[in-house]
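**Student:** So that we are looking at the same thing, I have put the structure below in C-alpha cells.
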Amino acid sequence: MKIAGIFCLRLASLVTLLWLTAPLQILATEAELPLPVIERFETFGKEQGVPTNKVHAVLKTSDGKLWIGTWDGLCVREGEGKFRRYGPEEGLSHKLVTCMVEDPKTGDLWAGTMRGLNKVSGGKITRYFQTDSGLPNNVVYGVDIVNDNIWAATAAGVGALDLKTGAWKIYDHNNSNMHEPWCYAVKGAKDLIYIGVWGAGIVEHNPQEGTFKAYRDPDGDFHYDLVPDDGPINDITSWLAWNDGLLWQCTYFGMSRYDGKYWKTWVQDKTPLPSNFTQFAWPVNRYCWIGTDKGASVTDGTNWVNYFVGEAGAGWVEIHQSGKAMEKRPMSTALCNGFVLGIWADEKEAWLATSKGLSRGIFASGTASGKVAVVK
Amino acid sequence: MRRTPIIISLLIGLLVLAGLGWGSAAWSRAHERRWSGRLDLELVSCNHCHLKIENLPWAQPSRRHSAPAGLAVSPDNRKVYIALDERNEVVEADGVTLAITRRLEVRGGPFGLAIDAKGERLYATCRDGDRVVAIDLATFREVESLAIGAGPVAATYCDTQEGGRLVIANSVSDNISVVSLSPFKELARPQAGREPYAVAAAPDGSIAFVANRLAVPENYYSMASSELTLVDPSKGKLLLRSPFESAHLAEGIAVAPGRGWALTPLIKVRNLVPITQVANGWVMSSGLAIADAKGSIIQMPLDEAHDYFADPSGIAVDAAGKRAFIVSGGSDTVTVVDLELLARWLAGASDQAKREAIDDLSLSAEYVVARIPTGRNPRHATLSPDGKRLYVSERLEDAVLAVDTAALKPIGRIRLGDGGQTDPIRRGERVFTQAAHTFQRQFSCRSCHPDGHVDGLSYDFDGDGIGDNLLDNRSLQGVAGTSPLKWNGKNPSLQVQCGVRFARVLMRTDPIPGAELDDLAAYLNSLPPPRWARRHRQVLTPAQERGRRIFFATLTPAGEPIPRERQCHVCHRPPLYSNRLMSSVGTRGSLDPSDLFDTPHLLGVAYTAPYLHDGRAKTLEELWTTYQTNDLHGVSSYMNKHQLNDLVEFLKTL
C-alpha cells in the first residue's frame, strides 16, 4: 500500500509537472523555429486616428516613427499612439498612398501615391508629377532608394531620380527588355535593380553597365506552376523584395525566391503558402514575411508560420515545422483582416497593413526571432 | 551740254542704288521669313541672329578684384582668415596690426570659411570648384580636398559626439553636404530649399541651421517663402524645414548662445503688392528671423519707418548671446541689435503682435541700439572668439573693416586691394548694389537680382495698381547682346531699361546719373550666364544629345515636317538661344495686353525658374505639359516622356 501510495504520489507529481510545464514545452518547440512567432495582435483603427480602414503600406523609420499609407492619406504615429494625417490639404499629391521608403542617409520619407511621388522631408512635402518633373507616370506603385537614386515603379515604366544631379532616367518597353511598361515594384539589391513588371516577370538592371536581363516564367503557363523551382513562378509580378542575397517575388499565382543561382517556388496546394494571391513581401535577415489575401505568413522557405482570421473574427496560427506535423492554435487576439497589403517587421515586432485596419504583432517571448535560417 | 551725261549718270546711279536697296531689303525680308517661318516680320538687324559669343562683353577677360567673402578668426583671436573668391586666394591677416601675413592660392573660388575648434585647420568652400579644401594652419598649405555639391558658399564646423563635422551650403545644387573630418568624406547630402546660402551650428553641435536664399517656385500667385533647414550634423539626417513666410534672400545665419535662437537676416518681400506701392514702403523691407530648434519663426523689422537698411546679409552674435551685428550690403551699415531688449519685447508681446511685428517698422527702435557705417557693400561678418572685435568684409571696397565692439567704432581696415575705382565694371557693381538710388533706400538692384541673377519671383509691374498681371523677374546673368529688354521688348538697351522710366516706376527717386548708368550697364554686360565656364563645351551625355536632336529637329519622329516658326531652334536660335524677336506662344493671360512676348535667351535656363512671362511654369517640364497650347510653343504633342526628359536634360546644358 505504501509503495502504491508513493507510486501514485509520484505519478501525480509527474502529471502536475507536465501540466505546469506545458507552455514551456510549446515555447521550447517554437524556440527551435528559426522564425518569430506572433503571440497576439494589437489593432489600430479610427479610434487611434487611422483615417480609414484600408491601410496599404506601413513603415517604421530609423527615428522610430511609424508611418502608414492609407486609402485616405499618409499618417505618422505620434506620442500617445495617435496617428497624425497628411492629406492633399497638407500638400500630399494624392490621398491614396501605395508605398513608402526611407532614405537611410537623410531620413527623408518617399511615398508613392495614385497621383504622384512625394518626399516628406523635415515636415515638408515636395511633390513630383509626370507634368512637372521627369517622373514617368503619376501612378506610383513602388519606391526604393539605391545609391542616392530614388527609383519609382509606375504605370509607365520605372523612373530614377539622381538625388545629387536632379536628372531623371526612365526605363520601359522602349529602352529595356521589359515586355510592357506597367511596373509594380522596384527593389535595389546592392549594385542591381530588380523591376517587377506586370505580365513580364522580373527585369534585372545593372545601372553601372546599363544592361537588362529578364527573368520570365519558364513553363509559360498562366495558372499552374508546371515545373517547380525552374524560375519565377509567374510573369505577373505583384511585388518584389530583396535582402541578404535573396530576391522574393510575389505574384497572384504563387511565390518565388531567387538566391542568385537557384529559384524556389511555392503554391498554396502543395506548400504551406496560405494563398497563391501574394502581394507583399518583407524580408528580415533571410526569412520573409508575406502578405496574401487570406492571411500573413513568415517563412524561411522550409518552415512556415501562418496567421489567419475566421469570418467571426477569431484568429489562429498554423505552424509548419520541418519534419513535424502542422500545429494549429487559436490566438487570443486576431489579425484585424486577412487581406494583408503591407508589412514592416524587424526582430522585435511586426506591423501589418490590411484592408481593414492596422495590426501590430507582438512576438511570443522566447521565440527565436533573430536566428538566421539556413537556406537549402 | 556737259551736264547732261553727269545728270544721266547720277540718275542711273541713283536708280541702281535704289534697286540695290530695294533688292537688299526684299532679300533680307525674304531671308528673315524663310528662316523664321514668320510672315509678320519687318526688317530686323542682322545681329538678331548673327553674332558670336566670343564677341560679347562677358566672354572677354575682366579684372579680378580682391573682394573679400567669408571670414574666420582663430580661436586665440590673433589671426583673421579671408576668402578672396575672385582671386582664388585665402589670406591670413594679423588681428592686431591688420596686416596680411600669409597668402595661399586656392583654386575654384574660395567663398565660405570655417575653422575647427582647436584652430588647426581652416576649411574653404570653393563656389566655382564644387569642393571643400582643408588648409593646415601651421604650414598654411592645402592638405585635403573633397568634391561636394555644386556652388558651396558657406560652411560651419560642428563638434559632435561622433567627431568633427562640416555642414556646407551648396547654393547651386540646392543641397547640404555633411562632411566628417576624420576621415575627410561626405556622409550625406540632404536636399535643402532653393539656394542654401548660410550655415550655423548650435553650440553643442546637435543641430545645424541652414538659411536658404530663395523660395522654391510654387503657384505664382502664392506668397513666396524661403526656408530654414535643420540638419543633424552627426549623421546628416534632415530634421526640420520651416518657412520664412513671405520672406527670402536669407544670406546669413548665426546662433545666439544661451537663447536657443538661430537668427537670420532676410528680406520681407511683398511681390504680389502692386509695384506702385513702393512709395508706401510696401514692397520689401529688412527683417531678422528668430527661429528655435522646433522651427518656430518670428520675424522682426530691422528698418525704420522712413529709413531702410537694404540687403541684410552677414550676421555675427557674441558668445554671451547679448548682441547681434547685421551687415546691410545695400546701405553700407552694420546694425547692432541688443538681444536682451529683443527678448524682453518678445516676452511681453502677444502672439498676434509677434505675427505682425515685421510690418511695424517703428518696432526696430525697441532693440536696434546702433548703426555703424562701413565701406561699400558689407556682406560677411564675424566676431573674434573673445567678442572684442567685429570683422566685416567690405566686398566692393576690397577691405575688411575691424570694429571695436565695446565702443562700436571702426578701428581700422585690412586692405586687400585698391577698391577698383578705375574699373567701370567694378564701379557698375557699386551702383548695382547701392540702395541710395531708391526711395528711402528701400532696395537696390541686387535686392531683386542677387548676384545679377533671379530671385525667383513674379512682380506686379503694371502701373494699374490692381495687384494683378504678374511678370516673371528675369536673370541679368548673360544679358549682354539680348536686347530688346523686358517681356514686352520695349527697352532697346540697359541704359534705357535702368534709366528715367525705371526711376519713375520703381525707384521713385531721381534717375541714376548718366555716367553711373554707363558703369551699371558695363557691369551687367560683364555677367556671364550662370556657371557658364563649367558648362560651356562640355561633352553631352546620351540623353542630352538626344535632347539636342529634338531641339534642332525639323521633322517629327514620324517624318512630319515641323512648321519652321515652331521649331525650337528658330526662335531660340544659338548662340544666345534667342532670335531677340517678339513671339506668340499661346501664353497670353486674361490681363495681358498682347499675345507677343520677348523671346528669352536660354543660356543658364536651368537656373532661372520659374518660366514664361508671368512665371506660371514652375519647371521646364511644365512648359510642354501644363502650359502648352496647341503646339504653339514648339511642337511637342508628338513627344513621349523619354523625349521630353531628354529635351529638358539638353536645356540644362545651355
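Just remember, in the C-alpha cells the first chain shown is A, the second B, etc., residues are 1-based per chain, and ligands are 1-based in the order shown.
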Determine which residues of chain B sit within 7 Å of chain A, taking into account only C-alpha atoms, and present them as JSON, numbers by chain.

**Tutor:** {"B": [188, 190, 236, 237, 238, 239, 240, 241, 619, 621, 622, 625, 626, 641, 642, 645]}

**Student:** Determine, counting only C-alpha atoms, which protein, DNA and RNA residues have an atom within 6 Å of an atom of stretch 190-193 of chain A; residues of the same chain fewer than 4 positions away are not included. Present the result as a PDB file with N, CA and C atoms, in the first residue's frame.

**Tutor:**
```pdb
ATOM      1  N   GLU A 204      16.138  42.443 -64.346  1.00  0.00           N
ATOM      2  CA  GLU A 204      17.324  42.776 -63.544  1.00  0.00           C
ATOM      3  C   GLU A 204      18.124  43.820 -64.311  1.00  0.00           C
ATOM      4  N   HIS A 205      18.345  44.946 -63.678  1.00  0.00           N
ATOM      5  CA  HIS A 205      19.057  46.050 -64.344  1.00  0.00           C
ATOM      6  C   HIS A 205      20.362  46.325 -63.618  1.00  0.00           C
ATOM      7  N   ASN A 206      21.421  46.426 -64.394  1.00  0.00           N
ATOM      8  CA  ASN A 206      22.713  46.815 -63.834  1.00  0.00           C
ATOM      9  C   ASN A 206      22.980  48.265 -64.248  1.00  0.00           C
TER      10      ASN A 206
END
```

**Student:** Looking at only C-alpha atoms, which of B:Leu416, B:Leu602, B:Leu517, B:Val255 is the one that sits closest to B:Gln477?

**Tutor:**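 Once distances to B:Gln477 are computed over only C-alpha atoms, the minimum belongs to B:Leu602.
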
**Student:** If you run DSSP on the backbone here, which positions in stretch 393-635 of chain B get strand (DSSP E or B)? Please write them as a PyMOL selection string.

**Tutor:** chain B and resi 393-394+399-404+409-415+458-459+471-472+485+491+555+561+582-584+596-598+611+617

**Student:** I need the chosen residues saved as a CSV table (one decimal), in the first residue's frame, with C-alpha atoms.

**Tutor:**
```
chain,number,residue,atom,x,y,z
B,393,SER,CA,34.1,92.1,-45.3
B,394,GLU,CA,33.5,95.3,-47.4
B,399,ALA,CA,38.8,95.6,-47.4
B,400,VAL,CA,37.9,94.1,-44.1
B,401,LEU,CA,36.7,96.5,-41.5
B,402,ALA,CA,37.6,96.0,-37.9
B,403,VAL,CA,35.2,97.3,-35.3
B,404,ASP,CA,35.8,97.7,-31.6
B,409,LYS,CA,33.6,102.2,-33.5
B,410,PRO,CA,35.7,101.2,-36.5
B,411,ILE,CA,39.4,100.8,-35.6
B,412,GLY,CA,40.9,100.1,-38.9
B,413,ARG,CA,40.9,98.0,-42.1
B,414,ILE,CA,42.7,95.0,-43.6
B,415,ARG,CA,43.5,96.4,-47.0
B,458,SER,CA,7.0,87.4,-60.3
B,459,TYR,CA,6.1,91.0,-59.6
B,471,LEU,CA,5.7,89.5,-64.6
B,472,ASP,CA,8.5,87.0,-64.1
B,485,LEU,CA,14.8,94.0,-72.9
B,491,ASN,CA,13.6,98.7,-74.0
B,555,LEU,CA,10.8,66.7,-88.6
B,561,PRO,CA,7.6,68.4,-91.0
B,582,MET,CA,8.6,89.1,-80.1
B,583,SER,CA,6.7,85.8,-80.4
B,584,SER,CA,3.4,84.4,-79.6
B,596,LEU,CA,3.5,88.8,-78.2
B,597,PHE,CA,6.3,88.4,-75.7
B,598,ASP,CA,10.1,88.8,-75.9
B,611,TYR,CA,9.3,80.2,-66.6
B,617,ALA,CA,5.6,77.4,-65.1
```

**Student:** Hey, which of A:Gly254, A:Gly81, A:Gly260, A:Pro36 ends up closest to A:Val50? Count only C-alpha atoms.

**Tutor:** A:Gly81

**Student:** Can you list, as a list in words, every protein, DNA or RNA residue that comes within 7 Å of B:Arg102 when you count only C-alpha atoms, leaving out same-chain residues fewer than 2 positions away?

**Tutor:**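 Contacts, in chain order: Val91, Glu92, Ile100 and Leu104 of chain B.
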
**Student:** Using only C-alpha atoms, determine which residues lie at most 10 Å from B:Gly149, disregarding the query and same-chain residues fewer than 4 positions distant; provide the list as JSON, numbers by chain.

**Tutor:** {"A": [164, 165], "B": [127, 129, 130, 131, 132, 168, 169, 170, 171, 172, 173, 174, 175, 176, 177, 186, 189]}

**Student:** Take the residues just selected and output them with N, CA and C atoms as a compact mmCIF listing (two decimals), in the first residue's frame.

**Tutor:**
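Ended up saving to out.txt:
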```txt
# COMPACT_ATOMS: atom_id res chain seq x y z
N LYS A 164 21.51 63.69 -56.46
CA LYS A 164 22.62 64.65 -56.45
C LYS A 164 22.57 65.59 -57.65
N THR A 165 22.16 65.07 -58.81
CA THR A 165 22.17 65.91 -60.02
C THR A 165 20.79 66.40 -60.40
N ARG B 127 33.26 77.92 -54.41
CA ARG B 127 31.96 78.08 -55.06
C ARG B 127 31.98 77.61 -56.51
N GLY B 129 34.45 75.68 -57.84
CA GLY B 129 35.13 74.39 -57.97
C GLY B 129 34.33 73.23 -57.40
N ASP B 130 33.22 73.52 -56.73
CA ASP B 130 32.36 72.48 -56.15
C ASP B 130 33.15 71.55 -55.23
N ARG B 131 33.97 72.13 -54.39
CA ARG B 131 34.75 71.30 -53.47
C ARG B 131 34.99 72.08 -52.18
N VAL B 132 35.41 71.35 -51.17
CA VAL B 132 35.84 71.97 -49.92
C VAL B 132 37.29 71.54 -49.69
N ILE B 168 27.81 72.14 -44.98
CA ILE B 168 28.12 73.06 -46.08
C ILE B 168 26.87 73.34 -46.91
N ALA B 169 26.65 74.60 -47.21
CA ALA B 169 25.50 75.00 -48.03
C ALA B 169 25.92 75.03 -49.49
N ASN B 170 25.32 74.18 -50.30
CA ASN B 170 25.61 74.12 -51.74
C ASN B 170 24.54 74.93 -52.49
N SER B 171 24.88 76.14 -52.87
CA SER B 171 23.86 77.08 -53.33
C SER B 171 23.31 76.75 -54.71
N VAL B 172 24.06 76.02 -55.52
CA VAL B 172 23.59 75.73 -56.88
C VAL B 172 22.84 74.40 -56.95
N SER B 173 23.35 73.40 -56.28
CA SER B 173 22.65 72.10 -56.32
C SER B 173 21.55 72.02 -55.27
N ASP B 174 21.34 73.08 -54.53
CA ASP B 174 20.23 73.16 -53.57
C ASP B 174 20.27 72.03 -52.54
N ASN B 175 21.45 71.72 -52.07
CA ASN B 175 21.54 70.69 -51.03
C ASN B 175 22.63 71.03 -50.02
N ILE B 176 22.77 70.15 -49.06
CA ILE B 176 23.68 70.40 -47.94
C ILE B 176 24.65 69.23 -47.85
N SER B 177 25.92 69.52 -47.86
CA SER B 177 26.90 68.44 -47.68
C SER B 177 27.27 68.34 -46.20
N GLU B 186 32.26 62.86 -47.38
CA GLU B 186 30.87 63.32 -47.32
C GLU B 186 29.99 62.18 -46.78
N ARG B 189 24.05 64.07 -48.25
CA ARG B 189 23.80 65.31 -48.98
C ARG B 189 22.29 65.56 -49.03
```

**Student:** Write out as a VMD selection string each polymer residue whose atoms come within 7 Å of stretch 113-125 of chain B, counting only C-alpha atoms; drop sequence neighbours fewer than 2 positions from it.

**Tutor:** chain B and resid 70 to 72 74 to 75 83 110 to 111 127 131 to 138 152 to 157
